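This is target-v9.txt. It holds compact mmCIF, N, CA and C atoms.
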# COMPACT_ATOMS: atom_id res chain seq x y z
N MET W 1 63.35 98.91 87.39
CA MET W 1 64.70 98.89 86.87
C MET W 1 65.34 97.53 87.15
N ALA W 2 66.01 97.00 86.15
CA ALA W 2 66.67 95.69 86.31
C ALA W 2 67.90 95.83 87.20
N PRO W 3 68.19 94.82 87.99
CA PRO W 3 69.40 94.85 88.81
C PRO W 3 70.65 94.95 87.94
N THR W 4 71.66 95.62 88.45
CA THR W 4 72.94 95.72 87.77
C THR W 4 74.05 95.33 88.75
N ILE W 5 75.17 94.91 88.19
CA ILE W 5 76.32 94.54 89.01
C ILE W 5 77.34 95.66 88.93
N ARG W 6 77.84 96.06 90.07
CA ARG W 6 78.87 97.10 90.17
C ARG W 6 80.03 96.58 91.01
N ILE W 7 81.18 97.18 90.82
CA ILE W 7 82.32 96.85 91.67
C ILE W 7 82.16 97.59 92.99
N ARG W 8 82.34 96.88 94.07
CA ARG W 8 82.19 97.47 95.40
C ARG W 8 83.21 98.58 95.64
N GLU W 9 82.80 99.56 96.43
CA GLU W 9 83.74 100.59 96.87
C GLU W 9 84.86 99.91 97.65
N GLY W 10 86.06 100.39 97.45
CA GLY W 10 87.19 99.87 98.18
C GLY W 10 87.93 98.72 97.50
N VAL W 11 87.36 98.16 96.42
CA VAL W 11 88.01 97.04 95.76
C VAL W 11 89.33 97.47 95.13
N ASN W 12 89.39 98.67 94.57
CA ASN W 12 90.65 99.14 93.99
C ASN W 12 91.74 99.20 95.07
N ASP W 13 91.41 99.75 96.23
CA ASP W 13 92.39 99.81 97.33
C ASP W 13 92.79 98.41 97.79
N LEU W 14 91.82 97.52 97.89
CA LEU W 14 92.09 96.14 98.28
C LEU W 14 93.07 95.49 97.30
N LEU W 15 92.84 95.69 96.01
CA LEU W 15 93.71 95.09 95.00
C LEU W 15 95.07 95.77 94.94
N MET W 16 95.11 97.07 95.23
CA MET W 16 96.41 97.75 95.29
C MET W 16 97.29 97.09 96.35
N LYS W 17 96.71 96.82 97.51
CA LYS W 17 97.45 96.15 98.58
C LYS W 17 97.81 94.72 98.18
N ARG W 18 96.85 94.02 97.63
CA ARG W 18 97.06 92.61 97.25
C ARG W 18 98.20 92.47 96.24
N PHE W 19 98.21 93.36 95.23
CA PHE W 19 99.22 93.29 94.16
C PHE W 19 100.48 94.10 94.46
N GLY W 20 100.48 94.87 95.54
CA GLY W 20 101.62 95.71 95.86
C GLY W 20 101.75 96.88 94.90
N CYS W 21 100.61 97.43 94.50
CA CYS W 21 100.58 98.54 93.53
C CYS W 21 100.40 99.87 94.25
N SER W 22 100.79 100.93 93.54
CA SER W 22 100.56 102.26 94.10
C SER W 22 99.58 103.07 93.26
N THR W 23 99.14 102.54 92.12
CA THR W 23 98.20 103.26 91.26
C THR W 23 97.14 102.32 90.71
N SER W 24 96.03 102.90 90.28
CA SER W 24 94.98 102.13 89.63
C SER W 24 95.46 101.57 88.29
N ARG W 25 96.34 102.31 87.65
CA ARG W 25 96.90 101.85 86.37
C ARG W 25 97.62 100.51 86.56
N GLU W 26 98.37 100.40 87.65
CA GLU W 26 99.08 99.15 87.94
C GLU W 26 98.10 98.02 88.27
N VAL W 27 97.02 98.36 88.95
CA VAL W 27 95.99 97.34 89.25
C VAL W 27 95.42 96.81 87.94
N ALA W 28 95.06 97.71 87.04
CA ALA W 28 94.51 97.30 85.74
C ALA W 28 95.47 96.37 85.01
N LYS W 29 96.74 96.72 85.03
CA LYS W 29 97.75 95.90 84.36
C LYS W 29 97.83 94.51 84.99
N ASN W 30 97.78 94.45 86.32
CA ASN W 30 97.82 93.16 87.01
C ASN W 30 96.59 92.31 86.72
N ILE W 31 95.44 92.96 86.60
CA ILE W 31 94.21 92.24 86.29
C ILE W 31 94.23 91.75 84.84
N GLY W 32 94.79 92.60 83.95
CA GLY W 32 94.84 92.25 82.53
C GLY W 32 93.82 92.99 81.69
N VAL W 33 93.44 94.20 82.16
CA VAL W 33 92.49 95.02 81.39
C VAL W 33 93.07 96.40 81.13
N ASN W 34 92.46 97.09 80.20
CA ASN W 34 92.84 98.45 79.88
C ASN W 34 92.58 99.36 81.07
N GLU W 35 93.46 100.31 81.26
CA GLU W 35 93.33 101.26 82.39
C GLU W 35 91.99 102.00 82.36
N ALA W 36 91.55 102.40 81.17
CA ALA W 36 90.28 103.12 81.05
C ALA W 36 89.09 102.24 81.44
N THR W 37 89.16 100.99 81.06
CA THR W 37 88.09 100.04 81.43
C THR W 37 87.99 99.93 82.95
N TRP W 38 89.14 99.77 83.59
CA TRP W 38 89.18 99.64 85.05
C TRP W 38 88.69 100.93 85.72
N SER W 39 89.13 102.04 85.23
CA SER W 39 88.74 103.33 85.79
C SER W 39 87.23 103.54 85.72
N ARG W 40 86.65 103.25 84.57
CA ARG W 40 85.19 103.41 84.43
C ARG W 40 84.43 102.47 85.36
N ALA W 41 84.95 101.25 85.51
CA ALA W 41 84.27 100.27 86.36
C ALA W 41 84.33 100.65 87.83
N ILE W 42 85.49 101.08 88.31
CA ILE W 42 85.60 101.40 89.74
C ILE W 42 84.91 102.70 90.11
N ARG W 43 84.69 103.57 89.11
CA ARG W 43 83.96 104.82 89.37
C ARG W 43 82.46 104.65 89.16
N GLY W 44 82.02 103.47 88.73
CA GLY W 44 80.60 103.20 88.54
C GLY W 44 80.03 103.80 87.27
N ILE W 45 80.91 104.24 86.37
CA ILE W 45 80.45 104.81 85.11
C ILE W 45 79.94 103.73 84.17
N SER W 46 80.59 102.57 84.22
CA SER W 46 80.12 101.44 83.42
C SER W 46 80.10 100.19 84.29
N THR W 47 79.27 99.26 83.90
CA THR W 47 79.21 97.99 84.62
C THR W 47 80.33 97.10 84.12
N PRO W 48 80.88 96.28 84.98
CA PRO W 48 81.95 95.39 84.54
C PRO W 48 81.41 94.35 83.55
N GLY W 49 82.07 94.25 82.41
CA GLY W 49 81.67 93.28 81.40
C GLY W 49 82.12 91.88 81.76
N PRO W 50 81.82 90.92 80.90
CA PRO W 50 82.16 89.54 81.20
C PRO W 50 83.67 89.29 81.33
N LYS W 51 84.49 89.95 80.51
CA LYS W 51 85.94 89.74 80.59
C LYS W 51 86.47 90.23 81.94
N LEU W 52 86.14 91.47 82.30
CA LEU W 52 86.61 92.02 83.57
C LEU W 52 86.07 91.21 84.73
N SER W 53 84.81 90.89 84.71
CA SER W 53 84.21 90.10 85.80
C SER W 53 84.92 88.76 85.95
N GLY W 54 85.15 88.09 84.84
CA GLY W 54 85.83 86.80 84.89
C GLY W 54 87.24 86.90 85.43
N LEU W 55 87.97 87.92 84.99
CA LEU W 55 89.34 88.11 85.48
C LEU W 55 89.36 88.39 86.98
N LEU W 56 88.43 89.20 87.45
CA LEU W 56 88.38 89.51 88.88
C LEU W 56 88.03 88.28 89.71
N LEU W 57 87.13 87.45 89.18
CA LEU W 57 86.73 86.26 89.93
C LEU W 57 87.81 85.19 89.97
N GLN W 58 88.84 85.33 89.16
CA GLN W 58 89.96 84.38 89.17
C GLN W 58 91.02 84.75 90.22
N ILE W 59 90.88 85.89 90.86
CA ILE W 59 91.85 86.30 91.87
C ILE W 59 91.65 85.45 93.12
N ASP W 60 92.71 84.75 93.49
CA ASP W 60 92.64 83.83 94.65
C ASP W 60 92.20 84.55 95.91
N GLY W 61 91.29 83.92 96.62
CA GLY W 61 90.86 84.43 97.92
C GLY W 61 89.73 85.45 97.87
N LEU W 62 89.31 85.83 96.67
CA LEU W 62 88.20 86.79 96.56
C LEU W 62 87.03 86.13 95.86
N GLY W 63 85.86 86.33 96.41
CA GLY W 63 84.65 85.79 95.81
C GLY W 63 83.76 86.91 95.28
N PHE W 64 82.65 86.51 94.72
CA PHE W 64 81.72 87.46 94.13
C PHE W 64 81.34 88.56 95.11
N GLU W 65 80.97 88.20 96.31
CA GLU W 65 80.52 89.17 97.31
C GLU W 65 81.62 90.13 97.75
N ASP W 66 82.87 89.71 97.64
CA ASP W 66 83.99 90.58 97.99
C ASP W 66 84.22 91.67 96.94
N ILE W 67 83.90 91.35 95.70
CA ILE W 67 84.23 92.22 94.58
C ILE W 67 83.03 93.04 94.10
N PHE W 68 81.88 92.40 94.01
CA PHE W 68 80.72 93.02 93.37
C PHE W 68 79.59 93.29 94.35
N GLU W 69 78.73 94.21 93.95
CA GLU W 69 77.46 94.42 94.63
C GLU W 69 76.38 94.46 93.57
N VAL W 70 75.22 93.95 93.91
CA VAL W 70 74.08 93.99 93.00
C VAL W 70 73.25 95.20 93.36
N ARG W 71 73.10 96.09 92.40
CA ARG W 71 72.35 97.32 92.63
C ARG W 71 70.96 97.18 92.02
N THR W 72 69.96 97.58 92.80
CA THR W 72 68.58 97.60 92.31
C THR W 72 68.04 99.01 92.51
N GLU W 73 66.87 99.25 92.03
CA GLU W 73 66.25 100.56 92.20
C GLU W 73 66.17 100.92 93.68
N GLU W 74 65.90 99.94 94.53
CA GLU W 74 65.78 100.20 95.96
C GLU W 74 67.12 100.59 96.59
N THR W 75 68.22 99.96 96.15
CA THR W 75 69.51 100.26 96.74
C THR W 75 70.07 101.59 96.24
N ASP W 76 69.54 102.10 95.14
CA ASP W 76 70.01 103.39 94.60
C ASP W 76 69.32 104.58 95.25
N ARG W 77 68.32 104.33 96.06
CA ARG W 77 67.57 105.42 96.69
C ARG W 77 68.25 105.93 97.92
Encoded form (structure tokens):
Amino acid sequence: MAPTIRIREGVNDLLMKRFGCSTSREVAKNIGVNEATWSRAIRGISTPGPKLSGLLLQIDGLGFEDIFEVRTEETDR
């Protein structure tokens, strides 16, 4: 199985604190994506696409390792 990129657990909570939000909907709005897109990504239903990934990587003080995890067949076991 090819490696995939997923949003790390806890990133939604981290961004809620960072943006002063109380809901995931507000986080999505602050990031600049549709609420459904954000919801699917943080629940692991879909992988973050290039737009979402790029927007997340533009958040000051957060790097790739803070936001994403690379999943392989071995890490899914």
Original post:
Residues of range 6-72 of chain W in helix (DSSP H, G or I) according to DSSP, as an MDAnalysis selection string?
Top reply: chainID W and resid 11:19 24:31 35:42 50:57 64:67
**OP:** Check the smallest atom-to-atom distance from each of W:Glu73, W:Thr47, W:Gly61, W:Leu56 to Ile7 in chain W using all atoms listed in the file, then report the winner.
**Re:** W:Thr47
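With all atoms listed in the file taken into account, the protein and nucleic acid residues at most 7 Å from Glu35 in chain W (excluding it and anything under 5 positions from it in its own chain) are Ser24, Arg25, Ala28, Lys29 and Arg40 of chain W.
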Can you tell me, as lines of an AutoDock Vina configuration file, the centre and edge lengths (Å, one decimal) of the axis-aligned box enclosing all of range 12-29 of chain W's listed atoms after padding each side by 5 Å?
center_x = 95.6
center_y = 97.9
center_z = 91.5
size_x = 22.4
size_y = 20.8
size_z = 24.2
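Of the residues under consideration (W:Glu26, W:Pro3, W:Ser39, W:Ile31), W:Ile31 shows the shortest atom-to-atom contact distance to Ser53 in chain W when counting only C-alpha atoms.
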Would you please take range 26-39 of chain W of the structure in the block above and write all heavy atoms to a file as a compact mmCIF listing (two decimals), in the first residue's frame?
# COMPACT_ATOMS: atom_id res chain seq x y z
N GLU W 26 -15.88 26.92 12.65
CA GLU W 26 -15.11 28.16 12.73
C GLU W 26 -13.66 27.94 12.30
O GLU W 26 -13.06 28.80 11.67
CB GLU W 26 -15.15 28.72 14.14
CG GLU W 26 -16.52 29.20 14.58
CD GLU W 26 -16.52 29.62 16.04
OE1 GLU W 26 -15.87 30.62 16.36
OE2 GLU W 26 -17.16 28.92 16.85
N VAL W 27 -13.11 26.79 12.65
CA VAL W 27 -11.74 26.46 12.22
C VAL W 27 -11.68 26.43 10.70
O VAL W 27 -10.80 27.03 10.08
CB VAL W 27 -11.25 25.12 12.82
CG1 VAL W 27 -9.92 24.72 12.21
CG2 VAL W 27 -11.14 25.22 14.33
N ALA W 28 -12.63 25.73 10.08
CA ALA W 28 -12.67 25.64 8.62
C ALA W 28 -12.74 27.03 7.99
O ALA W 28 -12.04 27.32 7.01
CB ALA W 28 -13.86 24.79 8.18
N LYS W 29 -13.56 27.89 8.56
CA LYS W 29 -13.70 29.25 8.04
C LYS W 29 -12.38 30.01 8.15
O LYS W 29 -11.97 30.70 7.22
CB LYS W 29 -14.80 29.99 8.79
CG LYS W 29 -15.08 31.36 8.26
CD LYS W 29 -16.23 32.01 9.00
CE LYS W 29 -16.49 33.41 8.46
NZ LYS W 29 -17.59 34.09 9.16
N ASN W 30 -11.69 29.86 9.28
CA ASN W 30 -10.40 30.53 9.47
C ASN W 30 -9.34 30.01 8.51
O ASN W 30 -8.49 30.77 8.06
CB ASN W 30 -9.91 30.37 10.90
CG ASN W 30 -10.50 31.40 11.83
OD1 ASN W 30 -10.00 32.51 11.90
ND2 ASN W 30 -11.57 31.05 12.52
N ILE W 31 -9.38 28.72 8.23
CA ILE W 31 -8.42 28.13 7.29
C ILE W 31 -8.74 28.58 5.87
O ILE W 31 -7.85 28.81 5.07
CB ILE W 31 -8.45 26.59 7.38
CG1 ILE W 31 -7.96 26.13 8.75
CG2 ILE W 31 -7.60 25.96 6.27
CD1 ILE W 31 -8.20 24.66 9.01
N GLY W 32 -10.05 28.66 5.56
CA GLY W 32 -10.47 29.06 4.22
C GLY W 32 -10.96 27.90 3.38
O GLY W 32 -10.85 27.92 2.15
N VAL W 33 -11.50 26.86 4.07
CA VAL W 33 -12.05 25.71 3.34
C VAL W 33 -13.49 25.45 3.78
O VAL W 33 -13.93 25.93 4.83
CB VAL W 33 -11.22 24.42 3.57
CG1 VAL W 33 -9.82 24.57 3.00
CG2 VAL W 33 -11.16 24.03 5.03
N ASN W 34 -14.17 24.66 2.99
CA ASN W 34 -15.54 24.27 3.29
C ASN W 34 -15.56 23.42 4.56
O ASN W 34 -14.67 22.60 4.79
CB ASN W 34 -16.08 23.49 2.09
CG ASN W 34 -17.49 23.03 2.27
OD1 ASN W 34 -17.72 22.05 2.97
ND2 ASN W 34 -18.41 23.73 1.65
N GLU W 35 -16.59 23.60 5.35
CA GLU W 35 -16.72 22.85 6.61
C GLU W 35 -16.71 21.34 6.37
O GLU W 35 -16.09 20.58 7.13
CB GLU W 35 -18.02 23.25 7.29
CG GLU W 35 -18.33 22.47 8.54
CD GLU W 35 -19.71 22.77 9.10
OE1 GLU W 35 -20.44 23.61 8.54
OE2 GLU W 35 -20.05 22.16 10.12
N ALA W 36 -17.36 20.88 5.31
CA ALA W 36 -17.41 19.44 5.02
C ALA W 36 -16.02 18.91 4.67
O ALA W 36 -15.65 17.80 5.07
CB ALA W 36 -18.40 19.16 3.89
N THR W 37 -15.26 19.69 3.93
CA THR W 37 -13.89 19.29 3.57
C THR W 37 -13.06 19.11 4.84
O THR W 37 -12.34 18.11 4.99
CB THR W 37 -13.24 20.35 2.66
OG1 THR W 37 -14.01 20.47 1.47
CG2 THR W 37 -11.80 20.02 2.34
N TRP W 38 -13.15 20.08 5.73
CA TRP W 38 -12.39 20.02 6.99
C TRP W 38 -12.84 18.83 7.83
O TRP W 38 -12.02 18.09 8.38
CB TRP W 38 -12.53 21.33 7.74
CG TRP W 38 -11.78 21.38 9.03
CD1 TRP W 38 -12.31 21.54 10.27
CD2 TRP W 38 -10.38 21.25 9.22
NE1 TRP W 38 -11.31 21.52 11.22
CE2 TRP W 38 -10.11 21.34 10.59
CE3 TRP W 38 -9.31 21.05 8.35
CZ2 TRP W 38 -8.84 21.25 11.13
CZ3 TRP W 38 -8.02 20.96 8.88
CH2 TRP W 38 -7.80 21.06 10.25
N SER W 39 -14.12 18.64 7.93
CA SER W 39 -14.67 17.54 8.73
C SER W 39 -14.18 16.18 8.22
O SER W 39 -13.75 15.33 9.00
CB SER W 39 -16.19 17.58 8.70
OG SER W 39 -16.74 16.49 9.40
